[in-house]
>>> print(open('data.txt').read())   # compact mmCIF, C-alpha atoms
# COMPACT_ATOMS: atom_id res chain seq x y z
CA MET A 1 14.75 -31.39 -62.53
CA LYS A 2 14.13 -31.58 -58.84
CA ILE A 3 14.94 -28.87 -56.39
CA TYR A 4 15.20 -29.33 -52.68
CA LEU A 5 14.04 -26.79 -50.19
CA LYS A 6 14.86 -26.24 -46.59
CA TYR A 7 12.74 -23.78 -44.61
CA ASN A 8 13.62 -21.56 -41.76
CA TYR A 9 10.09 -21.26 -40.44
CA LYS A 10 10.91 -18.46 -38.10
CA VAL A 11 12.28 -16.29 -40.89
CA VAL A 12 9.45 -17.26 -43.24
CA CYS A 13 6.81 -16.27 -40.75
CA GLU A 14 8.46 -13.09 -39.62
CA THR A 15 9.04 -11.96 -43.18
CA LEU A 16 5.49 -12.75 -44.13
CA VAL A 17 3.97 -10.82 -41.25
CA ARG A 18 6.35 -7.94 -41.83
CA GLU A 19 5.38 -7.75 -45.50
CA GLN A 20 1.72 -7.83 -44.63
CA LEU A 21 2.06 -5.07 -42.04
CA GLU A 22 3.95 -2.98 -44.59
CA LYS A 23 1.36 -3.69 -47.24
CA PHE A 24 -1.29 -2.09 -45.04
CA ASN A 25 1.05 0.73 -43.98
CA ILE A 26 0.90 -0.25 -40.35
CA PRO A 27 3.78 1.02 -38.21
CA TRP A 28 5.04 -1.79 -36.01
CA SER A 29 7.88 -3.14 -33.97
CA ALA A 30 8.59 -6.82 -33.43
CA ILE A 31 8.68 -8.18 -29.92
CA ASN A 32 9.38 -11.73 -31.13
CA SER A 33 8.24 -13.90 -34.04
CA SER A 34 4.73 -14.31 -32.67
CA GLU A 35 4.21 -10.95 -31.01
CA PHE A 36 4.09 -7.67 -32.85
CA GLU A 37 3.41 -4.30 -31.46
CA ILE A 38 1.32 -1.89 -33.53
CA LEU A 39 2.60 1.61 -32.89
CA ASP A 40 -0.48 3.65 -33.78
CA GLY A 41 -4.14 2.94 -33.19
CA LEU A 42 -5.48 0.54 -35.80
CA PRO A 43 -8.74 1.37 -37.60
CA GLU A 44 -11.23 -1.49 -37.45
CA GLU A 45 -11.27 -1.95 -41.27
CA THR A 46 -7.50 -2.15 -41.56
CA LYS A 47 -7.37 -4.60 -38.72
CA PHE A 48 -10.05 -6.68 -40.38
CA SER A 49 -8.17 -6.70 -43.73
CA LEU A 50 -4.91 -7.59 -42.02
CA ILE A 51 -6.53 -10.49 -40.21
CA GLN A 52 -8.13 -11.73 -43.45
CA SER A 53 -4.91 -11.38 -45.36
CA LEU A 54 -2.87 -13.27 -42.78
CA LYS A 55 -5.49 -15.99 -42.71
CA ASN A 56 -4.59 -16.85 -46.33
CA TYR A 57 -1.17 -17.89 -45.06
CA GLY A 58 -2.56 -19.91 -42.22
CA ILE A 59 -1.69 -17.25 -39.70
CA THR A 60 -4.31 -16.50 -37.07
CA VAL A 61 -4.41 -13.27 -35.14
CA LEU A 62 -5.20 -14.10 -31.53
CA ASP A 63 -7.60 -11.90 -29.70
CA ASP A 64 -5.96 -9.62 -27.24
CA GLN A 65 -7.52 -10.44 -23.88
CA LYS A 66 -8.39 -6.83 -23.34
CA GLU A 67 -9.94 -6.56 -26.75
CA THR A 68 -12.79 -8.94 -26.28
CA LEU A 69 -15.78 -9.02 -28.55
CA VAL A 70 -17.61 -6.71 -26.17
CA ASP A 71 -14.89 -4.09 -26.58
CA ARG A 72 -15.02 -4.49 -30.33
CA ILE A 73 -18.77 -3.97 -30.28
CA LYS A 74 -18.34 -0.83 -28.19
CA ASN A 75 -15.54 0.47 -30.41
CA THR A 76 -17.59 -0.19 -33.52
CA ILE A 77 -20.57 1.67 -32.07
CA ASP A 78 -18.31 4.61 -31.20
CA GLU A 79 -16.92 4.56 -34.72
CA MET A 80 -20.41 4.55 -36.15
CA LEU A 81 -21.46 7.51 -34.02
CA ASN A 82 -18.36 9.44 -35.02
CA ASP A 83 -18.85 8.82 -38.73
CA GLU A 84 -21.29 11.27 -40.26
CA ASN A 85 -22.01 8.90 -43.12
CA ALA A 86 -22.82 5.99 -40.85
CA ARG A 87 -24.93 7.61 -38.13
CA HIS A 88 -28.20 7.07 -39.95
CA LEU A 89 -27.55 3.34 -40.44
CA LYS A 90 -29.18 0.64 -38.38
CA VAL A 91 -26.87 -0.44 -35.60
CA SER A 92 -27.77 -4.10 -36.10
CA SER A 93 -26.68 -4.27 -39.73
CA TYR A 94 -23.71 -1.98 -39.15
CA LEU A 95 -22.36 -4.22 -36.39
CA SER A 96 -22.94 -7.50 -38.16
CA ASP A 97 -21.29 -6.13 -41.31
CA LYS A 98 -18.25 -4.81 -39.51
CA LEU A 99 -17.75 -7.66 -37.08
CA ASP A 100 -18.90 -10.52 -39.26
CA TYR A 101 -21.21 -12.11 -36.70
CA THR A 102 -24.98 -12.26 -36.68
CA TYR A 103 -26.59 -9.48 -34.69
CA SER A 104 -28.39 -11.91 -32.41
CA TYR A 105 -25.06 -13.48 -31.46
CA LEU A 106 -23.45 -10.08 -30.83
CA SER A 107 -26.45 -8.95 -28.87
CA SER A 108 -26.46 -11.97 -26.57
CA VAL A 109 -22.69 -11.80 -25.96
CA PHE A 110 -23.06 -8.13 -25.11
CA SER A 111 -25.96 -8.62 -22.70
CA GLU A 112 -24.28 -11.54 -20.96
CA ASN A 113 -21.17 -9.52 -20.28
CA THR A 114 -22.30 -6.00 -19.57
CA TYR A 115 -25.67 -6.31 -17.78
CA SER A 116 -27.02 -4.04 -20.46
CA SER A 117 -28.18 -4.29 -24.07
CA ILE A 118 -26.51 -2.94 -27.21
CA GLU A 119 -29.50 -0.61 -27.69
CA ASN A 120 -29.06 0.78 -24.17
CA TYR A 121 -25.37 1.27 -24.72
CA LEU A 122 -26.02 3.08 -27.99
CA ILE A 123 -28.47 5.46 -26.31
CA LEU A 124 -26.10 6.09 -23.41
CA ARG A 125 -23.28 6.79 -25.84
CA LYS A 126 -25.42 9.06 -27.97
CA VAL A 127 -26.53 11.01 -24.90
CA ASP A 128 -22.87 11.23 -23.90
CA LEU A 129 -22.14 12.88 -27.24
CA VAL A 130 -25.07 15.26 -26.80
CA LYS A 131 -23.68 16.16 -23.36
CA GLU A 132 -20.29 16.87 -24.86
CA LEU A 133 -21.74 19.10 -27.57
CA LEU A 134 -24.00 20.91 -25.10
CA GLN A 135 -21.05 21.54 -22.85
CA GLU A 136 -18.94 22.95 -25.66
CA GLY A 137 -21.79 25.33 -26.30
CA ASN A 138 -21.08 25.94 -29.99
CA LEU A 139 -24.23 24.29 -31.29
CA ASN A 140 -27.84 24.76 -30.29
CA LEU A 141 -30.22 21.86 -29.73
CA THR A 142 -31.59 21.93 -33.27
CA GLU A 143 -28.10 21.68 -34.70
CA ILE A 144 -27.14 18.90 -32.30
CA ALA A 145 -30.30 16.95 -33.14
CA TYR A 146 -29.50 17.27 -36.84
CA ARG A 147 -25.88 16.30 -36.43
CA LEU A 148 -26.62 13.21 -34.36
CA ASN A 149 -29.46 12.14 -36.61
CA TYR A 150 -32.36 12.60 -34.22
CA SER A 151 -35.67 12.95 -36.03
CA SER A 152 -36.49 16.13 -34.09
CA VAL A 153 -35.45 18.34 -31.20
CA SER A 154 -38.25 16.94 -29.06
CA HIS A 155 -37.03 13.41 -29.75
CA LEU A 156 -33.57 14.44 -28.58
CA SER A 157 -34.86 16.25 -25.50
CA GLY A 158 -37.14 13.33 -24.65
CA GLN A 159 -34.36 10.76 -24.89
CA PHE A 160 -32.03 13.03 -22.94
CA LYS A 161 -34.53 13.52 -20.13
CA LYS A 162 -35.48 9.87 -20.03
CA THR A 163 -31.85 8.71 -19.90
CA THR A 164 -30.28 11.26 -17.59
CA GLY A 165 -33.28 12.50 -15.58
CA LEU A 166 -32.25 16.05 -16.48
CA THR A 167 -33.44 18.39 -19.17
CA PRO A 168 -30.78 19.59 -21.61
CA SER A 169 -31.08 23.12 -20.24
CA SER A 170 -30.70 22.12 -16.58
CA PHE A 171 -27.71 19.99 -17.59
CA GLN A 172 -26.18 23.01 -19.30
CA ARG A 173 -26.82 25.26 -16.30
CA ILE A 174 -25.23 22.76 -13.90
CA MET A 175 -22.15 22.36 -16.10
CA LYS A 176 -21.72 26.11 -16.32
CA ARG A 177 -21.93 26.53 -12.56
CA LYS A 178 -19.57 23.59 -12.02
CA LYS A 179 -17.04 25.20 -14.30
CA SER A 180 -17.15 28.55 -12.54
CA LEU A 181 -16.87 26.86 -9.14
CA ASN A 182 -13.81 24.92 -10.31
CA ALA A 183 -12.27 28.08 -11.73
CA TYR A 184 -12.87 29.77 -8.38
CA ILE A 185 -11.27 26.88 -6.46
CA ASP A 186 -8.24 26.87 -8.77
CA LYS A 187 -7.84 30.60 -8.26
CA THR A 188 -8.08 30.26 -4.48
CA ILE A 189 -5.51 27.48 -4.43
CA LYS A 190 -3.16 29.62 -6.50
CA LEU A 191 -3.57 32.54 -4.12
CA VAL A 192 -2.84 30.30 -1.12
CA ASP A 193 0.23 28.91 -2.88
CA GLU A 194 1.55 32.38 -3.60
CA GLN A 195 1.33 33.48 0.00
CA MET B 1 -16.60 -11.55 -15.60
CA SER B 2 -17.24 -13.69 -12.54
CA ASN B 3 -14.20 -12.10 -10.91
CA ASN B 4 -15.48 -8.66 -11.68
CA PHE B 5 -17.09 -7.30 -8.57
CA LEU B 6 -18.23 -3.77 -8.26
CA ASN B 7 -17.15 -2.34 -4.92
CA VAL B 8 -20.06 -0.38 -3.54
CA VAL B 9 -20.22 1.70 -0.37
CA LEU B 10 -23.31 3.13 1.33
CA ALA B 11 -23.27 5.76 4.06
CA ASP B 12 -26.68 6.22 5.67
CA ASP B 13 -27.61 6.78 9.31
CA ASP B 14 -31.05 5.16 9.00
CA GLU B 15 -30.86 1.50 9.93
CA ASP B 16 -33.98 0.49 7.98
CA ASP B 17 -32.72 2.22 4.86
CA ARG B 18 -29.39 0.42 5.12
CA PHE B 19 -31.15 -2.92 5.54
CA LEU B 20 -33.45 -2.38 2.54
CA PHE B 21 -30.55 -1.24 0.38
CA LYS B 22 -28.54 -4.32 1.30
CA GLU B 23 -31.47 -6.61 0.49
CA ALA B 24 -32.17 -4.87 -2.81
CA ILE B 25 -28.61 -4.95 -4.07
CA LYS B 26 -28.28 -8.62 -3.11
CA GLN B 27 -31.17 -9.52 -5.39
CA LEU B 28 -29.65 -7.97 -8.51
CA SER B 29 -27.68 -9.91 -11.09
CA ILE B 30 -24.75 -7.48 -11.03
CA GLN B 31 -22.17 -8.79 -8.60
CA THR B 32 -21.25 -6.35 -5.91
CA ARG B 33 -19.34 -6.17 -2.66
CA LEU B 34 -21.15 -3.82 -0.30
CA LEU B 35 -19.78 -1.93 2.70
CA LEU B 36 -22.09 -0.01 5.04
CA PHE B 37 -21.35 3.02 7.20
CA ASN B 38 -23.58 4.71 9.78
CA ASP B 39 -22.42 8.27 9.30
CA GLY B 40 -20.15 10.54 7.28
CA GLN B 41 -17.24 10.43 9.69
CA GLU B 42 -17.13 6.63 9.67
CA LEU B 43 -17.15 6.74 5.89
CA MET B 44 -14.35 9.28 5.68
CA ASN B 45 -12.23 7.37 8.18
CA TYR B 46 -12.55 4.32 5.98
CA LEU B 47 -11.94 6.08 2.66
CA PHE B 48 -8.85 7.87 3.89
CA SER B 49 -7.31 4.91 5.69
CA ASP B 50 -4.42 3.27 3.87
CA GLU B 51 -5.69 -0.26 3.81
CA SER B 52 -9.11 0.56 2.37
CA GLU B 53 -9.92 -0.98 -0.99
CA ARG B 54 -10.94 1.77 -3.37
CA PRO B 55 -14.69 1.60 -4.01
CA ASN B 56 -16.11 2.10 -7.51
CA LEU B 57 -19.35 3.62 -6.40
CA LEU B 58 -20.50 5.49 -3.29
CA PHE B 59 -24.11 5.98 -2.23
CA LEU B 60 -24.26 8.94 0.09
CA ASP B 61 -27.14 10.08 2.27
CA LEU B 62 -27.29 13.85 2.78
CA ASN B 63 -28.69 14.14 6.28
CA MET B 64 -26.39 12.33 8.67
CA PRO B 65 -25.12 13.14 12.15
CA VAL B 66 -21.45 13.93 12.91
CA LYS B 67 -20.58 14.68 9.31
CA ASP B 68 -23.28 15.20 6.69
CA GLY B 69 -23.26 14.04 3.10
CA MET B 70 -22.54 17.43 1.59
CA GLN B 71 -19.40 17.83 3.69
CA CYS B 72 -18.23 14.33 2.70
CA LEU B 73 -18.91 15.08 -0.95
CA ARG B 74 -16.82 18.23 -0.90
CA GLU B 75 -13.93 16.64 0.97
CA ILE B 76 -13.86 13.63 -1.34
CA ARG B 77 -13.98 15.79 -4.46
CA GLN B 78 -11.08 17.89 -3.23
CA ASN B 79 -8.90 14.80 -3.25
CA GLU B 80 -7.41 13.75 -6.60
CA ALA B 81 -7.14 10.16 -5.43
CA PHE B 82 -10.92 9.78 -5.72
CA LYS B 83 -11.44 11.38 -9.09
CA ASP B 84 -12.69 8.11 -10.57
CA LEU B 85 -15.07 7.34 -7.72
CA ALA B 86 -18.67 7.73 -8.81
CA ILE B 87 -20.82 9.39 -6.16
CA ALA B 88 -24.56 8.86 -6.00
CA ILE B 89 -26.46 11.06 -3.57
CA TYR B 90 -29.19 8.99 -1.96
CA SER B 91 -31.60 11.18 -0.11
CA THR B 92 -35.18 12.04 0.78
CA SER B 93 -36.98 15.13 -0.47
CA SER B 94 -34.52 17.88 -1.23
CA THR B 95 -35.23 21.19 -2.88
CA GLU B 96 -34.27 21.65 -6.52
CA GLN B 97 -31.57 24.02 -5.32
CA ASP B 98 -30.07 21.42 -2.99
CA ILE B 99 -30.08 18.86 -5.77
CA GLU B 100 -28.27 21.17 -8.13
CA ALA B 101 -25.76 22.03 -5.43
CA THR B 102 -24.81 18.36 -5.06
CA PHE B 103 -24.10 18.18 -8.79
CA ILE B 104 -22.10 21.37 -8.71
CA TYR B 105 -19.97 20.03 -5.86
CA GLY B 106 -19.22 16.89 -7.80
CA ALA B 107 -22.00 14.33 -7.36
CA ASN B 108 -22.56 12.16 -10.45
CA ILE B 109 -25.99 10.83 -9.65
CA TYR B 110 -28.90 12.09 -7.57
CA ILE B 111 -31.45 9.56 -6.35
CA ASN B 112 -34.65 10.40 -4.57
CA LYS B 113 -35.09 7.55 -2.09
CA PRO B 114 -37.89 5.47 -3.59
CA SER B 115 -40.95 4.64 -1.53
CA SER B 116 -41.24 0.97 -2.48
CA PHE B 117 -38.82 -1.93 -2.44
CA ALA B 118 -39.48 -2.76 -6.09
CA LYS B 119 -38.69 0.80 -7.11
CA LEU B 120 -35.57 0.76 -4.97
CA LYS B 121 -34.29 -2.35 -6.72
CA GLU B 122 -35.03 -0.82 -10.08
CA VAL B 123 -33.20 2.40 -9.34
CA ILE B 124 -30.14 0.68 -7.84
CA GLU B 125 -29.95 -1.55 -10.90
CA LYS B 126 -30.06 1.48 -13.19
CA VAL B 127 -27.30 3.21 -11.25
CA LEU B 128 -25.12 0.09 -11.29
CA GLN B 129 -25.62 -0.31 -15.04
CA VAL B 130 -24.74 3.28 -15.81
CA ASN B 131 -21.75 3.13 -13.51
CA TRP B 132 -20.64 -0.12 -15.06
CA GLN B 133 -20.58 1.53 -18.47
CA TYR B 134 -18.57 4.47 -17.18
CA HIS B 135 -16.26 2.01 -15.49
CA THR B 136 -15.63 -0.11 -18.58
CA SER B 137 -16.16 2.20 -21.55
CA ASN B 138 -14.50 5.24 -22.86
CA MET B 139 -17.10 7.74 -21.66
CA ASN B 140 -16.65 11.32 -20.63
CA ARG B 141 -16.43 11.52 -16.84
CA ASN B 142 -16.71 15.30 -16.81
CA THR B 143 -20.32 15.11 -17.88
CA PHE B 144 -21.26 12.08 -15.77
CA LEU B 145 -24.56 13.47 -14.42
CA PHE B 146 -27.79 11.54 -13.89
CA ARG B 147 -30.88 11.94 -11.84
CA PHE B 148 -33.18 9.03 -11.02
>>> encode(input="data.txt", output="structure tokens")
Amino acid sequence: MKIYLKYNYKVVCETLVREQLEKFNIPWSAINSSEFEILDGLPEETKFSLIQSLKNYGITVLDDQKETLVDRIKNTIDEMLNDENARHLKVSSYLSDKLDYTYSYLSSVFSENTYSSIENYLILRKVDLVKELLQEGNLNLTEIAYRLNYSSVSHLSGQFKKTTGLTPSSFQRIMKRKKSLNAYIDKTIKLVDEQ
Amino acid sequence: MSNNFLNVVLADDDEDDRFLFKEAIKQLSIQTRLLLFNDGQELMNYLFSDESERPNLLFLDLNMPVKDGMQCLREIRQNEAFKDLAIAIYSTSSTEQDIEATFIYGANIYINKPSSFAKLKEVIEKVLQVNWQYHTSNMNRNTFLFRF
């Protein structure tokens, strides 16, 4: 027995993509058959699985222009720094695992496009986290060093000083004085408004 | 990337310093568009005029006639429109207290004017790199403080 099929490609494709998005529990809305909007932020792993899964059907996810490889590298580094279980890993293997490119390729793309190296970015980002924790003031330097996987407090202080030109304690003092100045200005503005 | 210029502004009353800065920044690989001003008032007139293109980064000398750098800093920081403008103080020998005051009033970077051209190039490059990262990455602007 022979059966004859007629395809409505548009419906086939839309249904397929819809099923895949539902399979990964991704909230979405359709703009048209080749453009979908993801409603929440998409974790890198889920995105990766979705892309792989769609590939099996011959569907390619096009790179958003804003989400270039450089952005993905940056996002992946941020993810790594925010994940307690990943912080101790080597950035080179972490990136090549997650992004599925060799590290030397990633590293050259990054340098060509940002005037800076992945290693420099990682340090800048780490120091940014240290700054945030210092500013919050809930943890002391020893605790911050431990949390961000520095080998010692002096390693942390050294990297901080070398990167920012400030010692952690002068940074803290400046932030405190900035805050009280801003509070004072806000109060003055309020008083003027009330008059 | 080739269309991505960083708009840089320098306000400095010393003609030699302006010339050296211009030469140094020209020799770097980061593409910039540079505007020069001779004093604080000229700078403020430009920043607050309607047709001015918003700069990404301002290098500001402290000791200038008419309006000094500290006054400019405070006026700029009181204006919401410039909250994303990075300000680098570019000055000769200040006391520790003066340096801290610039940070407290909203400077992001403090640079001690280097004594050699090579050093000057190096420090400008560092500032541009850091600013580039703040400009293009999701970094915390509240704690954007560096001293070179």
>>> interface_residues(input="data.txt", of="chain A", to="chain B", cutoff="10 Å", atoms="only C-alpha atoms", output="PyMOL selection string")
chain A and resi 71+74-75+78+112-116+120-121+124-125+128-129+131-132+134-135+161-166+170-182+185
>>> atom_distance(input="data.txt", atom1="atom CA of A:Tyr105", atom2="atom CA of B:Glu122")
26.8 Å
>>> residues_around(input="data.txt", residues="A:Leu141", least_positions_apart="5", cutoff="12 Å", atoms="all atoms listed in the file", output="MDAnalysis selection string")
chainID A and resid 130:131 133:135 146:150 152:157 160 167:169 172
>>> write_last_selection(input="data.txt", atoms="C-alpha atoms", output="CSV table (one decimal), in the frame of the given file")
chain,number,residue,atom,x,y,z
A,130,VAL,CA,-25.1,15.3,-26.8
A,131,LYS,CA,-23.7,16.2,-23.4
A,133,LEU,CA,-21.7,19.1,-27.6
A,134,LEU,CA,-24.0,20.9,-25.1
A,135,GLN,CA,-21.0,21.5,-22.8
A,146,TYR,CA,-29.5,17.3,-36.8
A,147,ARG,CA,-25.9,16.3,-36.4
A,148,LEU,CA,-26.6,13.2,-34.4
A,149,ASN,CA,-29.5,12.1,-36.6
A,150,TYR,CA,-32.4,12.6,-34.2
A,152,SER,CA,-36.5,16.1,-34.1
A,153,VAL,CA,-35.4,18.3,-31.2
A,154,SER,CA,-38.2,16.9,-29.1
A,155,HIS,CA,-37.0,13.4,-29.8
A,156,LEU,CA,-33.6,14.4,-28.6
A,157,SER,CA,-34.9,16.2,-25.5
A,160,PHE,CA,-32.0,13.0,-22.9
A,167,THR,CA,-33.4,18.4,-19.2
A,168,PRO,CA,-30.8,19.6,-21.6
A,169,SER,CA,-31.1,23.1,-20.2
A,172,GLN,CA,-26.2,23.0,-19.3
>>> residues_around(input="data.txt", residues="stretch 9-16 of chain B", least_positions_apart="6", cutoff="10 Å", atoms="only C-alpha atoms", output="PyMOL selection string")
chain B and resi 22+32-44+47+54-65+68-69+87-91
>>> closest_residue(input="data.txt", among="B:Ala81, B:Ala107, B:Ala86, B:Gln27", to="B:Asn131", atoms="only C-alpha atoms")
B:Ala86
>>> atom_distance(input="data.txt", atom1="atom CA of A:Tyr101", atom2="atom CA of A:Phe24")
23.8 Å
>>> atom_distance(input="data.txt", atom1="atom CA of B:Glu75", atom2="atom CA of B:Ala24")
28.5 Å
